[in-house]
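Notes to accompany the following structure.
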Number of protein chains: 2
Amino acid sequence: MDNIMMDSDMLMEESLEKILELLENKKYFQARDELLKYNGVDIAELLEEVTEETDIDMTIILFRLLPKDVSVEVFSELPTDDQVEIVNGITDKEITFIVQEMDFDDKIDVLEELPANVVDKILEKTPKNERKLINTFLNYPDTCAGSLMTPDYISLQKDWSVGEALEYIKKVGMDAETVYTCYVKDSGRKLIGIVSLSTLVISDDEIKIKDIMRTDYVYENVYDDQEDVSEDFKKYGFLAIPVVDKEQRLVGIITVDDILDVMEEEATEDIERMNGVIDWENSDKGYLDMSVWQHVINRLPWLVILMIAYIFTGMIITSFEGRLSQIISLVAYMPMLMGTGGNTGSQAATLIIRGLATDEVDTSDVFKILWKEVRIGFLIGAILSALNFARVYWLDGQSAMIALTVCTAMLAIVIFAKIIGSMIPLFVKKLKLDPALIANPAISSVSDMVALSIYFAMAMLLLGL
Amino acid sequence: MDNIMMDSDMLMEESLEKILELLENKKYFQARDELLKYNGVDIAELLEEVTEETDIDMTIILFRLLPKDVSVEVFSELPTDDQVEIVNGITDKEITFIVQEMDFDDKIDVLEELPANVVDKILEKTPKNERKLINTFLNYPDTCAGSLMTPDYISLQKDWSVGEALEYIKKVGMDAETVYTCYVKDSGRKLIGIVSLSTLVISDDEIKIKDIMRTDYVYENVYDDQEDVSEDFKKYGFLAIPVVDKEQRLVGIITVDDILDVMEEEATEDIERMNGVIDWENSDKGYLDMSVWQHVINRLPWLVILMIAYIFTGMIITSFEGRLSQIISLVAYMPMLMGTGGNTGSQAATLIIRGLATDEVDTSDVFKILWKEVRIGFLIGAILSALNFARVYWLDGQSAMIALTVCTAMLAIVIFAKIIGSMIPLFVKKLKLDPALIANPAISSVSDMVALSIYFAMAMLLLGL
C-alpha cells in the first residue's frame with residue numbers, strides 16, 4: 001500500500017461485498033461502520049447498490065443507523081425512488097430533521113421530484129416562513145436562473161470592518177451553502193458589491209468592507225435562461241454568481257457545482273435535437289426512466305415530417321421512372337449518392353451548429369464559412385469522384401459514360417450538400433431559433449432531394465436519356 | 001436606471017463605440033479609462049473588438065496603458081493571435097513582468113499555444129527553477145489531469161493551529177490561484193488531508209489542523225483522463241481536486257473553472273464523432289481557425305468507409321434489378337424506407353450513446369434496452385405504416401398489394417433499425433471503445449442494407465416477383 005494506490009472504484013467494490021456479507025449475518029452496525037469510511041456521495045452510491053442487491057428495507061435500516069449529519073447529506077444524493085421509500089419508512093421526527101438540515105437548493109431539488117403526497121408530508125413539518133420561501137422557489141420555471149439558485153449566502157454591511165465580517169461569518173457560516181463569496185447589500189436589499197472570503201482572510205482586520213469590495217461583478221436576473229447563466233460561468237470562471245430580481249434586489253446565488261449539471265443537460269439536449277429527438281417535457285429523466293410512450297412522442301414528430309419530405313423525393317423518382325427503366329443499373333447508385341450527400345451535409349451542419357453553440361462562429365461569418373465549405377466540398381468531392389470512377393468502371397464493369405455520370409453527380413452533390421449543411425443552421429440562427437432544432441435528419445432529406453435531382457440531370461445530359 | 005437594469009451586452013456595445021471614437025480622436029487615456037470600467041475578461045473582449053474594427057496597433061497602445069495588474073489578467077484572456085502580436089509589440093521588460101505575474105496554469109495554456117520562437121523569448125526571462133517546472137507541465141499529454149493542474153495551492157502542516165494557518169495564508173495567499181481548499185502534506189510530500197478555507201474561518205484559532213482536516217477526500221492521478229476528472233467534479237461538486245503522482249505525492253490541484261472548458265470540449269468531441277467528424281489532432285481550434293485541408297482530413301475517412309459499405313448496398317440492388325424493372329414504381333419508395341430506417345436507428349443510437357456518456361445506462365442494461373426499443377419500434381412502425389398505406393394507396397394510386405408491401409416493410413425496418421441503433425453502441429462500449437466513435441453515419445448505412453433487404457424480401461413475398 002505504500003507505493004501503489006488502489007483504485008477508488010475497486011475499493012468501493014470490495015466494501016460493497018463486505019457490507020452485503022455483514023447484512024446477511026445481520027451485523028448492521030459493522031456494515032454501518034464500513035459505510036462511514038466514505039463521504040456522503042459515495043455512501044449514497046453504496047446504498048443504491050445495496051437496494052439493488054437486496055431490497056429497500058436493508059437500505060432503510062442502514063440509513064437510520066447513520067449519524068444524523070451524514071444522513072442528511074446521503075439523503076440528498078439518493079435517487080428519487082429511494083428517497084420516497086425512505087420518507088415512507090422513517091419516523092416523522094426523522095423526516096423533519098432531515099428536511100430542516102438539508103441545503104436549501106438540495107431541498108428544492110428533492111421536493112421537485114417527490115410525489116405530491118410526500119411533499120405535503122414534508123412541508124407540514126416545515127416552519128411557515130420557510131414553507132413560503134420553498135413555494136416561491138418551486139414556482140420558478142425549470143430552466144431559469146431562479147430554479148438554480150439558493151438563498152443561503154453571506155451578506156455583509158459595507159461599513160463593517162474585515163474583523164467584524166469574519167466574526168459574523170464565524171457565527172452564521174455553517175448554514176451558508178457557499179461562503180467563498182460574500183455579498184454587500186444597501187438598505188434597500190440592492191446588491192452593491194462582492195467580497196471573496198480569500199480577500200477577507202488576507203486583508204487587515206481594520207479595513208472597511210466598502211474599501212475592498214469589488215463592484216465590477218457579474219449578475220443574473222431571476223428569469224435568465226440557464227444556458228446564458230452557464231455561458232457566464234464559462235466566460236468568467238467564477239465560483240458563484242448573484243441573482244437579482246427586476247428591482248435589482250439580491251434574491252439568491254448560483255454556485256458553479258450546479259452549473260456542471262446544467263452544461264451536461266444542455267449538451268444532451270443539443271445532441272438529441274441534432275439527431276431528431278425532441279425532449280418535449282424538458283425532463284432530466286434518464287433513458288430507462290422514460291416510458292415507451294414518452295419515447296415514441298419524442299421521436300415520432302421528425303419521422304413524420306421527413307415522411308412528408310419523402311413524398312417529394314418519391315415524386316422526383318416517379319417523374320424519372322420511364323427513363324430509369326431504360327438504364328436500370330442507375331438505380332444501384334442512388335443510395336450511395338443520396339447517402340453521401342446526407343452524411344457530408346450533416347458533417348458540415350454539425351460543425352456549424354456546435355460552433356454557434358460555443359460562440360466560435362457567428363452568423364456574420366457567413367461568407368467565410370461559405371468559401372471554406374465550397375473548397376472543402378470540392379476537395380472531398382474530387383477524391384470521392386475518383387474512387388467512384390474506379391468502382392463503377394472497373395469493379396462494376398459499367399460503361400465509361402455511366403461512370404462519368406456517377407462521378408460528376410458525386411462532385412456536384414458533395415459541394416451542394418456542404419453548402420446546404422453549413423448555410424441552413426446559420427439561417428435558422430439568424431431567425432433567432434436554436435440551430436440544433438433543424439436537426440441532421442432534415443439536412444439529410446434536403447440533401448437527398450438535391451442529390452437525386454443532380455443525379456438525374458447528369459444522366460439526362462451525359463446519357464442522353 | 002433605478003428600476004430598469006441595462007443588459008450588460010448593450011452596455012459593452014456602447015462602450016465599444018465610445019472607445020473607437022476616442023481612439024479615432026487619439027484620446028488614448030480616455031479610451032483606457034472607459035475600458036477600466038470592466039473586469040479583465042470583458043476588457044479582453046473589448047480589445048478583441050478593437051483589433052477587429054481598427055488594427056492590432058491600437059490594441060497594443062491601449063494594452064500598454066493598462067495598469068500592470070490588469071494587463072496580466074487581460075493578456076491571459078486574449079486570443080493567441082493577439083497575444084503573439086502583443087509579445088512582439090512590447091518591451092522585454094513588460095513581457096517579463098506579465099509572464100511572472102500570470103497564474104501558473106494560464107501561463108502553461110498561453111505557452112502551449114504560442115509559436116516556439118515567442119515561447120523561447122518568454123522562457124529566457126523566467127527564473128531557472130520555474131523554467132524547469134514549466135517544461136515539466138508542458139510535457140503532460142494534452143488530455144490528462146496533469147495538463148489541467150496548477151502547482152499554485154496552499155499547503156499546511158498538520159501540527160499547525162488554525163491561527164497559524166490563517167497567518168500563513170495571509171502571508172502567501174496572494175500567489176495561490178485558489179485558496180478555498182488547503183492541502184496537508186506529510187514530510188514525504190504525500191497528501192494526508194484537506195481543509196477548506198471556510199472551515200478554517202469558522203474554527204477556533206487554537207484547534208490543530210489535524211483535528212479538522214478531512215481525510216475522505218478524492219484525488220486524481222497525473223495521467224488520469226480529463227473526462228474521468230470531469231466526472232468526479234460532477235459527482236462530488238468540489239471546487240478543486242488534488243492531483244498526485246504515482247508515489248502519491250501531491251503535485252498540483254485542478255480547479256472547477258478549468259473543468260467547465262473540459263466539459264465543453266468533451267461534448268464537442270462526442271457530437272462531432274457521432275456525426276462522422278474525427279478530430280485527429282485533438283485540437284481545440286475553432287472551425288474558422290482550421291485549414292481547409294484539416295477539415296478534409298477530419299471528414300473524409302467516414303465518407304470513404306461508407307462508400308465501401310455502399311458497394312454492398314449496390315450489390316443488393318443489382319441482384320434485384322431484373323425484378324425491379326418489372327415493377328419500376330417500387331424504386332420511388334426506396335429512399336423513404338432507407339431514410340426512415342437510418343433516421344430512426346440513429347435516434348436510438350443517439351440516446352444510448354449519450355446515456356452511456358452520462359452514466360444513465362450501462363452495458364448491463366442490454367435486455368431492458370432491447371425490450372424497450374422493440375416496443376418503441378413497434379409503435380412508431382405501426383403509426384408510420386398506417387400513414388404510408390394512405391399515401392401509397394390513395395395519394396399515389398398504387399395497387400393495394402404494393403401499398404401493403406411498403407407498409408409491412410416499414411414496420412419491420414423501424415423495429416430492426418431501433419434494435420441495431422441501440423445495440424451497436426452497447427457492443428462498442430463492451431469492447432471498451434468510445435461508443436460515439438461508431439458514428440450515426442455507420443448506423444445509417446447498416447440500417448440502409450437491412451432496409452433494402454427487408455423491402456425486397458417483402459416485394460418477393462407479397463408481389464410474387
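Every chain in the C-alpha cells takes a letter, A first, then B, and so on in the order presented; its residues are numbered from 1, and the ligands are numbered from 1 following the presented order.
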
Leaving out range 354-361 of chain A and any residue of its chain fewer than 3 positions from it, which residues lie within 8 Å of it when counting only C-alpha atoms, given as a PyMOL selection string? (chain A and resi 350-351+365) or (chain B and resi 264+268+271+286-288)

Put those residues in a file: N, CA and C atoms, as a tab-separated table (two decimals), in the first residue's frame.
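Heads up, here's the output in selection.tsv:
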chain	number	residue	atom	x	y	z
A	350	THR	N	-23.18	19.82	-38.42
A	350	THR	CA	-22.75	19.54	-37.05
A	350	THR	C	-21.70	20.55	-36.60
A	351	LEU	N	-20.70	20.78	-37.44
A	351	LEU	CA	-19.62	21.70	-37.06
A	351	LEU	C	-20.14	23.12	-36.89
A	365	ASP	N	-20.14	35.46	-39.93
A	365	ASP	CA	-19.06	34.77	-40.65
A	365	ASP	C	-19.56	34.05	-41.90
B	264	GLU	N	-17.05	21.26	-22.09
B	264	GLU	CA	-17.46	21.74	-23.40
B	264	GLU	C	-16.69	21.01	-24.50
B	268	THR	N	-18.23	18.59	-27.40
B	268	THR	CA	-17.97	18.87	-28.81
B	268	THR	C	-17.40	17.64	-29.50
B	271	ILE	N	-20.16	15.07	-30.03
B	271	ILE	CA	-21.11	15.49	-31.07
B	271	ILE	C	-20.48	15.31	-32.44
B	286	GLY	N	-10.91	26.42	-33.30
B	286	GLY	CA	-12.28	26.63	-33.76
B	286	GLY	C	-12.43	26.30	-35.24
B	287	TYR	N	-13.67	26.23	-35.68
B	287	TYR	CA	-13.99	25.92	-37.07
B	287	TYR	C	-13.22	26.81	-38.04
B	288	LEU	N	-13.23	28.11	-37.77
B	288	LEU	CA	-12.63	29.05	-38.71
B	288	LEU	C	-11.11	29.02	-38.70

DSSP on the backbone: which residues in range 356-456 of chain A end up as alpha helix (DSSP H)? Give the answer as a ChimeraX atom specification. /A:356-357,366-389,400-430,440-456

Write out as a list in words which residues come within 6 Å of range 336-345 of chain B when counting only C-alpha atoms, dropping same-chain ones fewer than 4 positions away.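 Skipping anything fewer than 4 positions along the chain leaves Tyr310 of chain A; Ile413, Val414, Ala417, Lys418, Gly421, Ser444, Ser447, Asp448 and Ala451 of chain B.
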
Determine, counting only C-alpha atoms, which protein, DNA and RNA residues have an atom within 10 Å of an atom of Asp258 in chain A; residues of the same chain fewer than 4 positions away are not included. Present the result as a short mmCIF file (atom, residue, chain, number, x, y, z; two decimals) with N, CA, C and O atoms, in the first residue's frame.
data_model
loop_
_atom_site.label_atom_id
_atom_site.label_comp_id
_atom_site.auth_asym_id
_atom_site.auth_seq_id
_atom_site.Cartn_x
_atom_site.Cartn_y
_atom_site.Cartn_z
N ASP A 105 -30.97 24.50 -1.65
CA ASP A 105 -31.19 24.14 -3.06
C ASP A 105 -31.34 22.63 -3.26
O ASP A 105 -32.06 22.17 -4.14
N LEU A 148 -32.17 27.57 -10.20
CA LEU A 148 -30.84 27.05 -9.87
C LEU A 148 -30.28 27.63 -8.59
O LEU A 148 -29.32 27.15 -8.04
N MET A 149 -30.91 28.73 -8.12
CA MET A 149 -30.24 29.47 -7.05
C MET A 149 -30.58 28.97 -5.66
O MET A 149 -31.49 28.19 -5.46
N SER A 230 -24.88 29.56 -17.69
CA SER A 230 -23.69 28.71 -17.77
C SER A 230 -22.64 29.32 -18.70
O SER A 230 -21.45 29.16 -18.48
N ALA A 240 -19.35 31.48 -7.98
CA ALA A 240 -20.76 31.78 -7.70
C ALA A 240 -21.13 33.08 -8.39
O ALA A 240 -20.29 33.96 -8.57
N ILE A 254 -26.12 31.53 -7.46
CA ILE A 254 -25.96 30.25 -8.15
C ILE A 254 -24.50 29.83 -7.99
O ILE A 254 -23.60 30.64 -8.19
N VAL A 262 -26.02 21.64 -15.39
CA VAL A 262 -26.69 22.38 -16.47
C VAL A 262 -25.98 22.15 -17.79
O VAL A 262 -26.60 21.89 -18.82
N MET A 263 -24.63 22.21 -17.76
CA MET A 263 -23.88 22.03 -19.00
C MET A 263 -24.13 20.65 -19.59
O MET A 263 -24.27 20.50 -20.80
N LYS B 234 -18.29 16.48 -11.37
CA LYS B 234 -19.75 16.45 -11.46
C LYS B 234 -20.34 15.66 -10.31
O LYS B 234 -21.33 16.03 -9.72
N GLY B 237 -19.17 17.59 -6.75
CA GLY B 237 -19.44 19.02 -6.59
C GLY B 237 -18.32 19.80 -5.90
O GLY B 237 -18.58 20.81 -5.25
#

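Look at Asp216 in chain A: the protein and nucleic acid residues within 9 Å of it, using only C-alpha atoms and passing over chain neighbours fewer than 2 places away, are Gly193, Ile194, Arg214 and Val218 of chain A; Lys37, Tyr38 and Asn39 of chain B.
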
How about saving the chosen residues, N, CA, C and O atoms kept, as a PDB file, in the first residue's frame?
ATOM      1  N   GLY A 193     -21.988  45.220  -4.037  1.00  0.00           N
ATOM      2  CA  GLY A 193     -20.604  44.772  -4.201  1.00  0.00           C
ATOM      3  C   GLY A 193     -20.417  43.349  -3.722  1.00  0.00           C
ATOM      4  O   GLY A 193     -21.305  42.774  -3.087  1.00  0.00           O
ATOM      5  N   ILE A 194     -19.277  42.762  -4.082  1.00  0.00           N
ATOM      6  CA  ILE A 194     -18.970  41.414  -3.608  1.00  0.00           C
ATOM      7  C   ILE A 194     -17.547  41.379  -3.035  1.00  0.00           C
ATOM      8  O   ILE A 194     -16.687  42.165  -3.423  1.00  0.00           O
ATOM      9  N   ARG A 214     -15.543  44.388  -4.515  1.00  0.00           N
ATOM     10  CA  ARG A 214     -15.455  44.618  -5.959  1.00  0.00           C
ATOM     11  C   ARG A 214     -16.823  45.044  -6.465  1.00  0.00           C
ATOM     12  O   ARG A 214     -17.854  44.503  -6.063  1.00  0.00           O
ATOM     13  N   VAL A 218     -20.502  40.402 -11.936  1.00  0.00           N
ATOM     14  CA  VAL A 218     -21.479  39.998 -12.940  1.00  0.00           C
ATOM     15  C   VAL A 218     -22.675  39.429 -12.189  1.00  0.00           C
ATOM     16  O   VAL A 218     -22.500  38.826 -11.137  1.00  0.00           O
TER      17      VAL A 218
ATOM     18  N   LYS B  37     -13.644  50.402 -16.744  1.00  0.00           N
ATOM     19  CA  LYS B  37     -14.918  50.190 -16.045  1.00  0.00           C
ATOM     20  C   LYS B  37     -15.239  48.706 -15.955  1.00  0.00           C
ATOM     21  O   LYS B  37     -16.122  48.301 -15.218  1.00  0.00           O
ATOM     22  N   TYR B  38     -14.547  47.912 -16.761  1.00  0.00           N
ATOM     23  CA  TYR B  38     -14.880  46.481 -16.844  1.00  0.00           C
ATOM     24  C   TYR B  38     -13.844  45.608 -16.155  1.00  0.00           C
ATOM     25  O   TYR B  38     -12.755  46.073 -15.822  1.00  0.00           O
ATOM     26  N   ASN B  39     -14.215  44.323 -15.987  1.00  0.00           N
ATOM     27  CA  ASN B  39     -13.246  43.381 -15.439  1.00  0.00           C
ATOM     28  C   ASN B  39     -12.370  42.806 -16.560  1.00  0.00           C
ATOM     29  O   ASN B  39     -12.615  43.050 -17.736  1.00  0.00           O
TER      30      ASN B  39
END

Out of B:Thr143, B:Gln157, B:Thr178, B:Gln100, which residue has the shortest atom-to-atom distance to chain A when counting only C-alpha atoms?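 Nearest candidate to chain A out of B:Thr143, B:Gln157, B:Thr178, B:Gln100: B:Thr178.
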
Counting only C-alpha atoms, the residue among A:Leu465, A:Met458, A:Ile253, A:Val366 that lies closest to Tyr153 in chain A is A:Ile253

List every residue of range 39-282 of chain A that DSSP, applied to the backbone, labels as strand (DSSP E), and write the result as a list in words.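 Reading the DSSP output for range 39-282 of chain A, strand (DSSP E) covers Ile154, Ser155, Leu156, Thr181, Cys182, Tyr183, Val184, Lys185, Leu191, Ile192, Gly193, Ile194, Val195, Ser196, Glu220, Asn221, Ala240, Ile241, Pro242, Val243, Val244, Leu250, Val251, Gly252, Ile253, Ile254 and Thr255 of chain A.
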
Please provide the set of residues having any atom within 10 Å of Glu13 in chain B, restricted to only C-alpha atoms, with same-chain residues fewer than 6 positions apart removed, written as a VMD selection string. chain B and resid 19 46 49

Please identify all polymer residues within 12 Å of Glu94 in chain B, counting only C-alpha atoms, omitting same-chain residues fewer than 2 positions from it, and present them as a VMD selection string. chain B and resid 63 to 69 71 to 72 75 86 to 92 96 to 101 122 125

What is the distance between CA of Val195 in chain B and CA of Thr181 in chain B, in Å to one decimal?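 So the two atoms, CA of Val195 in chain B and CA of Thr181 in chain B, lie 5.8 Å apart.
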
Which is closest to Met290 in chain A among B:Lys185, B:Arg131, B:Lys372, B:Lys26, if we use only C-alpha atoms?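 Among B:Lys185, B:Arg131, B:Lys372, B:Lys26, it is B:Lys372 that comes nearest to Met290 in chain A.
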
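Nearest to Ser329 in chain A of all the residues B:Val243, B:Met449, B:Leu462, B:Ile317 is B:Ile317, based on only C-alpha atoms.
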
Please, what distance in Å, to one decimal, runs between CA of Glu124 in chain B and CA of Phe104 in chain B? 16.5 Å

Could you work out how far CA of Glu266 in chain B lies from CA of Ile108 in chain B, giving the answer in Å with one decimal?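 Between these atoms lies a distance of 20.3 Å.
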
Between B:Val41, B:Leu387, B:Met213, B:Val74, which is the closest to Val162 in chain B once you count only C-alpha atoms?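 Looking only at the distances to Val162 in chain B, the closest residue turns out to be B:Met213.
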